[in-house]
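What follows is a set of notes on a single structure, which appears directly below.
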Amino acid sequence: MAIHKIQINDFVSDDYELIAIHSSLDDYKLAFMLNKELDIQLSKNNAYVEIAIPEGKSAFSNFTFDDEKNDIIWTLIDNKTTIINSKKQPTSLFEQVDITVFLLPEFKKADYLIKIENIDYGFDSEPIIEKIQKIKNVTTAYAIDITNLKSKNNLIF
């Protein structure tokens, strides 16, 4: 009998678009502005996206919108979070033991990511990016090429 190995890449699909956003806005303010500008309804997701690292678990807050009319799922997610390093004990009162963790370490300068799932082959993200760039306190927004992304598995949630 033949043995068939299933690898994680068998479950990863590239039917999504990824947009990086550089902004000083808080996540809830950015979600509100995106709702207004893109005519979507992002709402806070109580389940955090968790990634395990040697120092502990990191949790990324996110906002989701399931557009049932167009069968598209929108997710706004923080690209960085801070965790307390439980393995390293502080030696003084003022010593920091916090660690910054990135969802996509290749894009450390991006503050937020928008993942648009279940898109068609001809989906064009440029009009969306142009609308995002019009938002006050958004420095820039751009599409991320997901084909060569090393931390693609972090986007499985």
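Residue numbering restarts at 1 for every chain of the structure tokens, chains are lettered A, B, ... in their displayed order, and ligands are numbered from 1 as they appear.
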Which polymer residues have any atom within 10 Å of an atom of Phe107 (chain A), counting only C-alpha atoms, with same-chain residues fewer than 3 positions away left out, as number ranges by chain? A: 20, 79-80, 102-104, 110-113, 144, 149
The residue from A:Ile83, A:Leu76, A:Val101, A:Ala143 with the smallest atom-to-atom distance to Phe32 (chain A), counting only C-alpha atoms, is A:Leu76
If you count only C-alpha atoms, the residue of A:Glu50, A:Glu17, A:Asp26, A:Glu68 closest to Asn154 (chain A) turns out to be A:Glu50
Tell me, which residues of region 54-148 of chain A carry DSSP alpha helix (DSSP H), written as a PyMOL selection string? chain A and resi 126-133
Correct to one decimal, the distance CA of Phe157 (chain A)-CA of Lys131 (chain A) is 26.0 Å
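For the choices A:Asp39, A:Asp78, A:Asp98, A:Asp66, the atom-to-atom distance to Asn118 (chain A) is smallest for A:Asp66 when using only C-alpha atoms.
What separates CA of Ile73 (chain A) from CA of Gly56 (chain A) is a distance of 29.2 Å.
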